[in-house]
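Here's the structure, in structure tokens; my notes come after.
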Amino acid sequence: MADRVLYKARRVRLVVIAFLLCPLMTGAAVVLGLFAVDPSILSGFLPQSILYRALCAIIGIAGSLVFGLFTVAGILMALRSDVGLVIDADGFTDSSSFTAAGRVRWDEVTGWHINEMQGQRILCVAVTDVQAVLDRMGPVTRLFGRGNVKLVGTPVCIGLSNLSGTPQEILGSFGELSQGRGAHEAR
């Protein structure tokens with residue numbers, strides 16, 4: 001086995017989300033926001049009441065901000081390097097998604113297992129100090145990391161469908177390069 005193994009990120013799904021779905025949702029949110037200002041924009045489609053228009057304004061502004069940020073983040077991710085996961089003798093670096101944990105050292109790892117969520121296989125890596133890993137993350141990634149902790153008990157979750165290797169290859173690399181420092185948990 002090599003000293004370092006690289007798995008490329010599959011960016012097709014990300015490109016579709018960043019260049020098609022997020023801008024589409026941003027546009028829909030903008031239209032809702034404009035409806036609040038000028039109800040004739042969607043006359044005949046939506047009720048014209050003041051309360052409904054106020055609700056559309058709130059949803060429009062929030063949606064424009066959220067999906068606008070996702071559009072920018074998605075485009076930046078799509079333009080990044082195509083390396084999604086690097087595994088070496090010191091640890092691994094995950095940069096495969098919006099919620100990637102970044103660099104994790106083997107001495108922080110207590111185990112790992114494959115979990116399936118919404119039809120996708122995810123490598124969940126248990127760590128000794130969850131808060132230390134969360135503290136290294138950016139604010140948005142930290143938010144998703146906290147959600148991962150609630151769902152699967154760890155902030156380090158790597159989507160395997162976004163990587164070039166098979167789950168077996170990636171687990172094999174984890175086992176060999178960790179040199180037994182992170183015990184594999186079977187589930």
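Going through the structure tokens in order, the chains are called A, B, and so on, while each chain numbers its residues from 1 and the ligands are numbered from 1 in the order shown.
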message: Give me, as a ChimeraX atom specification, all polymer residues having an atom no more than 6 Å from Ile87 in chain A, counting only C-alpha atoms and skipping those fewer than 5 positions away in the same chain.
response: /A:4-5,92
Using only C-alpha atoms, which residues of range 55-106 of chain A come within 12 Å of range 18-25 of chain A, and what is the closest atom pair for each, with the distance in Å to one decimal? Give it as a Markdown table, sorted by chain and residue number.
| residue | atom | partner | partner_atom | distance |
| --- | --- | --- | --- | --- |
| A:Ile59 | CA | A:Met25 | CA | 11.6 |
| A:Gly60 | CA | A:Met25 | CA | 10.1 |
| A:Ile61 | CA | A:Met25 | CA | 12.0 |
| A:Ala62 | CA | A:Met25 | CA | 11.4 |
| A:Gly63 | CA | A:Met25 | CA | 7.6 |
| A:Ser64 | CA | A:Met25 | CA | 7.9 |
| A:Leu65 | CA | A:Met25 | CA | 10.6 |
| A:Val66 | CA | A:Cys22 | CA | 9.3 |
| A:Phe67 | CA | A:Cys22 | CA | 5.6 |
| A:Gly68 | CA | A:Pro23 | CA | 7.1 |
| A:Leu69 | CA | A:Cys22 | CA | 8.9 |
| A:Phe70 | CA | A:Cys22 | CA | 6.5 |
| A:Thr71 | CA | A:Ala18 | CA | 5.1 |
| A:Val72 | CA | A:Ala18 | CA | 7.5 |
| A:Ala73 | CA | A:Ala18 | CA | 7.7 |
| A:Gly74 | CA | A:Ala18 | CA | 4.5 |
| A:Ile75 | CA | A:Ala18 | CA | 5.5 |
| A:Leu76 | CA | A:Ala18 | CA | 8.9 |
| A:Met77 | CA | A:Ala18 | CA | 8.6 |
| A:Ala78 | CA | A:Ala18 | CA | 7.7 |
| A:Leu79 | CA | A:Ala18 | CA | 10.6 |
| A:Phe98 | CA | A:Ala18 | CA | 11.3 |
Save the residues we just selected, all heavy atoms, as a compact mmCIF listing (two decimals), in the first residue's frame?
# COMPACT_ATOMS: atom_id res chain seq x y z
N ILE A 59 -40.42 34.49 3.58
CA ILE A 59 -39.90 33.30 2.89
C ILE A 59 -39.00 33.72 1.72
O ILE A 59 -37.94 33.12 1.50
CB ILE A 59 -41.05 32.40 2.41
CG1 ILE A 59 -41.77 31.81 3.62
CG2 ILE A 59 -40.54 31.29 1.49
CD1 ILE A 59 -43.06 31.09 3.27
N GLY A 60 -39.39 34.73 1.00
CA GLY A 60 -38.60 35.20 -0.15
C GLY A 60 -37.24 35.71 0.26
O GLY A 60 -36.22 35.38 -0.35
N ILE A 61 -37.19 36.52 1.31
CA ILE A 61 -35.91 37.07 1.77
C ILE A 61 -35.02 35.95 2.32
O ILE A 61 -33.85 35.84 1.95
CB ILE A 61 -36.13 38.18 2.82
CG1 ILE A 61 -36.77 39.40 2.15
CG2 ILE A 61 -34.83 38.55 3.51
CD1 ILE A 61 -37.29 40.44 3.12
N ALA A 62 -35.59 35.13 3.19
CA ALA A 62 -34.80 34.03 3.77
C ALA A 62 -34.32 33.06 2.68
O ALA A 62 -33.16 32.65 2.66
CB ALA A 62 -35.62 33.29 4.82
N GLY A 63 -35.23 32.69 1.78
CA GLY A 63 -34.87 31.76 0.70
C GLY A 63 -33.81 32.33 -0.22
O GLY A 63 -32.89 31.62 -0.65
N SER A 64 -33.93 33.63 -0.54
CA SER A 64 -32.93 34.26 -1.41
C SER A 64 -31.55 34.22 -0.77
O SER A 64 -30.55 33.92 -1.43
CB SER A 64 -33.31 35.72 -1.68
OG SER A 64 -34.53 35.79 -2.36
N LEU A 65 -31.49 34.52 0.53
CA LEU A 65 -30.21 34.50 1.23
C LEU A 65 -29.63 33.09 1.31
O LEU A 65 -28.47 32.86 0.96
CB LEU A 65 -30.37 35.08 2.64
CG LEU A 65 -30.65 36.58 2.71
CD1 LEU A 65 -30.96 36.98 4.15
CD2 LEU A 65 -29.46 37.37 2.18
N VAL A 66 -30.44 32.15 1.76
CA VAL A 66 -29.96 30.77 1.94
C VAL A 66 -29.55 30.15 0.61
O VAL A 66 -28.43 29.64 0.46
CB VAL A 66 -31.02 29.91 2.65
CG1 VAL A 66 -30.67 28.43 2.59
CG2 VAL A 66 -31.19 30.36 4.09
N PHE A 67 -30.46 30.17 -0.36
CA PHE A 67 -30.13 29.53 -1.64
C PHE A 67 -29.08 30.31 -2.42
O PHE A 67 -28.30 29.72 -3.18
CB PHE A 67 -31.40 29.30 -2.47
CG PHE A 67 -32.26 28.21 -1.91
CD1 PHE A 67 -33.50 28.50 -1.38
CD2 PHE A 67 -31.83 26.90 -1.88
CE1 PHE A 67 -34.30 27.50 -0.84
CE2 PHE A 67 -32.61 25.89 -1.36
CZ PHE A 67 -33.85 26.19 -0.83
N GLY A 68 -29.03 31.62 -2.24
CA GLY A 68 -27.95 32.41 -2.84
C GLY A 68 -26.59 32.00 -2.30
O GLY A 68 -25.64 31.81 -3.06
N LEU A 69 -26.52 31.82 -0.97
CA LEU A 69 -25.26 31.37 -0.36
C LEU A 69 -24.90 29.95 -0.82
O LEU A 69 -23.74 29.66 -1.09
CB LEU A 69 -25.36 31.42 1.16
CG LEU A 69 -25.33 32.82 1.77
CD1 LEU A 69 -25.61 32.75 3.27
CD2 LEU A 69 -23.99 33.49 1.51
N PHE A 70 -25.92 29.07 -0.90
CA PHE A 70 -25.66 27.71 -1.39
C PHE A 70 -25.18 27.72 -2.83
O PHE A 70 -24.33 26.92 -3.22
CB PHE A 70 -26.90 26.83 -1.27
CG PHE A 70 -27.15 26.31 0.12
CD1 PHE A 70 -28.41 25.85 0.48
CD2 PHE A 70 -26.16 26.27 1.08
CE1 PHE A 70 -28.66 25.35 1.75
CE2 PHE A 70 -26.40 25.78 2.35
CZ PHE A 70 -27.65 25.32 2.68
N THR A 71 -25.72 28.63 -3.64
CA THR A 71 -25.28 28.73 -5.03
C THR A 71 -23.80 29.12 -5.09
O THR A 71 -23.02 28.48 -5.79
CB THR A 71 -26.13 29.77 -5.79
OG1 THR A 71 -27.51 29.36 -5.76
CG2 THR A 71 -25.67 29.90 -7.23
N VAL A 72 -23.44 30.15 -4.35
CA VAL A 72 -22.04 30.60 -4.33
C VAL A 72 -21.13 29.50 -3.79
O VAL A 72 -20.09 29.19 -4.39
CB VAL A 72 -21.89 31.89 -3.50
CG1 VAL A 72 -20.43 32.24 -3.28
CG2 VAL A 72 -22.63 33.04 -4.18
N ALA A 73 -21.53 28.87 -2.68
CA ALA A 73 -20.71 27.79 -2.09
C ALA A 73 -20.58 26.62 -3.06
O ALA A 73 -19.50 26.04 -3.20
CB ALA A 73 -21.32 27.33 -0.77
N GLY A 74 -21.66 26.27 -3.72
CA GLY A 74 -21.63 25.17 -4.67
C GLY A 74 -20.73 25.44 -5.85
O GLY A 74 -19.98 24.57 -6.30
N ILE A 75 -20.78 26.66 -6.36
CA ILE A 75 -19.91 27.02 -7.48
C ILE A 75 -18.45 26.98 -7.04
O ILE A 75 -17.60 26.44 -7.75
CB ILE A 75 -20.30 28.41 -8.04
CG1 ILE A 75 -21.66 28.30 -8.76
CG2 ILE A 75 -19.23 28.94 -8.99
CD1 ILE A 75 -22.29 29.62 -9.13
N LEU A 76 -18.16 27.51 -5.85
CA LEU A 76 -16.78 27.46 -5.34
C LEU A 76 -16.32 26.02 -5.15
O LEU A 76 -15.18 25.68 -5.47
CB LEU A 76 -16.66 28.24 -4.03
CG LEU A 76 -16.83 29.76 -4.15
CD1 LEU A 76 -16.82 30.41 -2.78
CD2 LEU A 76 -15.75 30.36 -5.05
N MET A 77 -17.20 25.16 -4.63
CA MET A 77 -16.85 23.74 -4.45
C MET A 77 -16.61 23.06 -5.80
O MET A 77 -15.70 22.26 -5.94
CB MET A 77 -17.97 22.99 -3.72
CG MET A 77 -18.00 23.15 -2.24
SD MET A 77 -16.73 22.24 -1.37
CE MET A 77 -17.16 20.56 -1.73
N ALA A 78 -17.43 23.39 -6.79
CA ALA A 78 -17.29 22.77 -8.11
C ALA A 78 -15.99 23.17 -8.78
O ALA A 78 -15.42 22.40 -9.56
CB ALA A 78 -18.48 23.14 -8.98
N LEU A 79 -15.50 24.36 -8.46
CA LEU A 79 -14.26 24.84 -9.06
C LEU A 79 -13.01 24.41 -8.31
O LEU A 79 -11.90 24.60 -8.79
CB LEU A 79 -14.30 26.37 -9.16
CG LEU A 79 -15.40 26.94 -10.05
CD1 LEU A 79 -15.41 28.46 -9.98
CD2 LEU A 79 -15.25 26.46 -11.48
N PHE A 98 -19.79 19.95 1.10
CA PHE A 98 -19.99 21.18 1.86
C PHE A 98 -19.70 20.97 3.34
O PHE A 98 -19.28 21.87 4.04
CB PHE A 98 -21.45 21.66 1.77
CG PHE A 98 -21.88 22.11 0.42
CD1 PHE A 98 -22.98 21.55 -0.19
CD2 PHE A 98 -21.21 23.12 -0.24
CE1 PHE A 98 -23.40 21.99 -1.43
CE2 PHE A 98 -21.62 23.56 -1.48
CZ PHE A 98 -22.72 22.99 -2.08
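Take CA of Phe35 in chain A and CA of Ala57 in chain A: the distance between them is 7.5 Å.
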Residues near range 153-155 of chain A, cut-off 8 Å, only C-alpha atoms, skip fewer than 6 positions along chain, as a PDB file with N, CA and C atoms, in the first residue's frame:
ATOM      1  N   ALA A 101     -15.207  17.469   7.037  1.00  0.00           N
ATOM      2  CA  ALA A 101     -14.583  17.720   8.341  1.00  0.00           C
ATOM      3  C   ALA A 101     -13.181  18.295   8.234  1.00  0.00           C
ATOM      4  N   CYS A 124     -18.912   7.018   8.763  1.00  0.00           N
ATOM      5  CA  CYS A 124     -18.973   7.792  10.006  1.00  0.00           C
ATOM      6  C   CYS A 124     -17.731   7.457  10.820  1.00  0.00           C
ATOM      7  N   VAL A 125     -16.934   8.476  11.126  1.00  0.00           N
ATOM      8  CA  VAL A 125     -15.675   8.291  11.845  1.00  0.00           C
ATOM      9  C   VAL A 125     -15.837   8.846  13.255  1.00  0.00           C
ATOM     10  N   ALA A 126     -15.790   7.948  14.254  1.00  0.00           N
ATOM     11  CA  ALA A 126     -15.910   8.360  15.661  1.00  0.00           C
ATOM     12  C   ALA A 126     -14.588   8.976  16.110  1.00  0.00           C
ATOM     13  N   VAL A 127     -14.701  10.052  16.872  1.00  0.00           N
ATOM     14  CA  VAL A 127     -13.510  10.764  17.331  1.00  0.00           C
ATOM     15  C   VAL A 127     -13.518  10.888  18.855  1.00  0.00           C
ATOM     16  N   VAL A 130     -15.219  15.290  20.249  1.00  0.00           N
ATOM     17  CA  VAL A 130     -16.150  15.830  19.258  1.00  0.00           C
ATOM     18  C   VAL A 130     -16.036  17.352  19.201  1.00  0.00           C
ATOM     19  N   VAL A 133     -13.045  18.717  17.212  1.00  0.00           N
ATOM     20  CA  VAL A 133     -13.249  18.614  15.764  1.00  0.00           C
ATOM     21  C   VAL A 133     -14.217  19.700  15.303  1.00  0.00           C
ATOM     22  N   LEU A 134     -15.302  19.899  16.036  1.00  0.00           N
ATOM     23  CA  LEU A 134     -16.273  20.942  15.686  1.00  0.00           C
ATOM     24  C   LEU A 134     -15.631  22.329  15.711  1.00  0.00           C
ATOM     25  N   PHE A 144     -23.664  21.872  10.416  1.00  0.00           N
ATOM     26  CA  PHE A 144     -23.963  20.541   9.886  1.00  0.00           C
ATOM     27  C   PHE A 144     -23.291  19.456  10.725  1.00  0.00           C
ATOM     28  N   GLY A 145     -22.082  19.739  11.224  1.00  0.00           N
ATOM     29  CA  GLY A 145     -21.382  18.781  12.079  1.00  0.00           C
ATOM     30  C   GLY A 145     -22.160  18.478  13.345  1.00  0.00           C
ATOM     31  N   ARG A 146     -22.756  19.514  13.937  1.00  0.00           N
ATOM     32  CA  ARG A 146     -23.591  19.298  15.130  1.00  0.00           C
ATOM     33  C   ARG A 146     -24.802  18.430  14.797  1.00  0.00           C
ATOM     34  N   GLY A 147     -25.365  18.661  13.624  1.00  0.00           N
ATOM     35  CA  GLY A 147     -26.478  17.811  13.190  1.00  0.00           C
ATOM     36  C   GLY A 147     -26.044  16.368  13.021  1.00  0.00           C
TER      37      GLY A 147
END
- prompt: Suppose you want the space between CA of Ser43 in chain A and CA of Ile58 in chain A; what is it in Å?
  reply: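 Atom-to-atom, CA of Ser43 in chain A and CA of Ile58 in chain A are spaced 18.6 Å apart.
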- request: Extract the full set of helix (DSSP H, G or I) residues from chain A according to DSSP on the backbone, and format it as an NGL selection string.
  value: :A and (12-37 or 39-42 or 50-79 or 106-108 or 130-136 or 139-152 or 160-162 or 167-178)
message: My list of candidates is A:Ile170, A:Ile114, A:Leu177, A:Leu143. Which is closest to Asp90 in chain A when distances are computed with only C-alpha atoms?
response: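 Counting only C-alpha atoms, the residue closest to Asp90 in chain A is A:Leu177.
The closest residue to Lys8 in chain A, picked from A:Asn162, A:Asn115, A:Ser40, A:Thr93 and counting only C-alpha atoms, is A:Asn162.
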field: Residue among A:Gln131, A:Ser178, A:Gln120, A:Gln48 lying closest to Val156 in chain A, counting only C-alpha atoms
entry: A:Gln131
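Take the candidates A:Gly102, A:Gly84, A:Gly27, A:Gly172 and check each one against Leu6 in chain A using only C-alpha atoms; the shortest distance goes to A:Gly84.
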field: Residue with smallest distance to Trp106 in chain A - pool A:Phe174, A:Pro39, A:Asn148, A:Asp82, counting only C-alpha atoms
entry: A:Phe174
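If you look at CA of Gln118 in chain A and CA of Arg80 in chain A, they are 26.1 Å away from each other.
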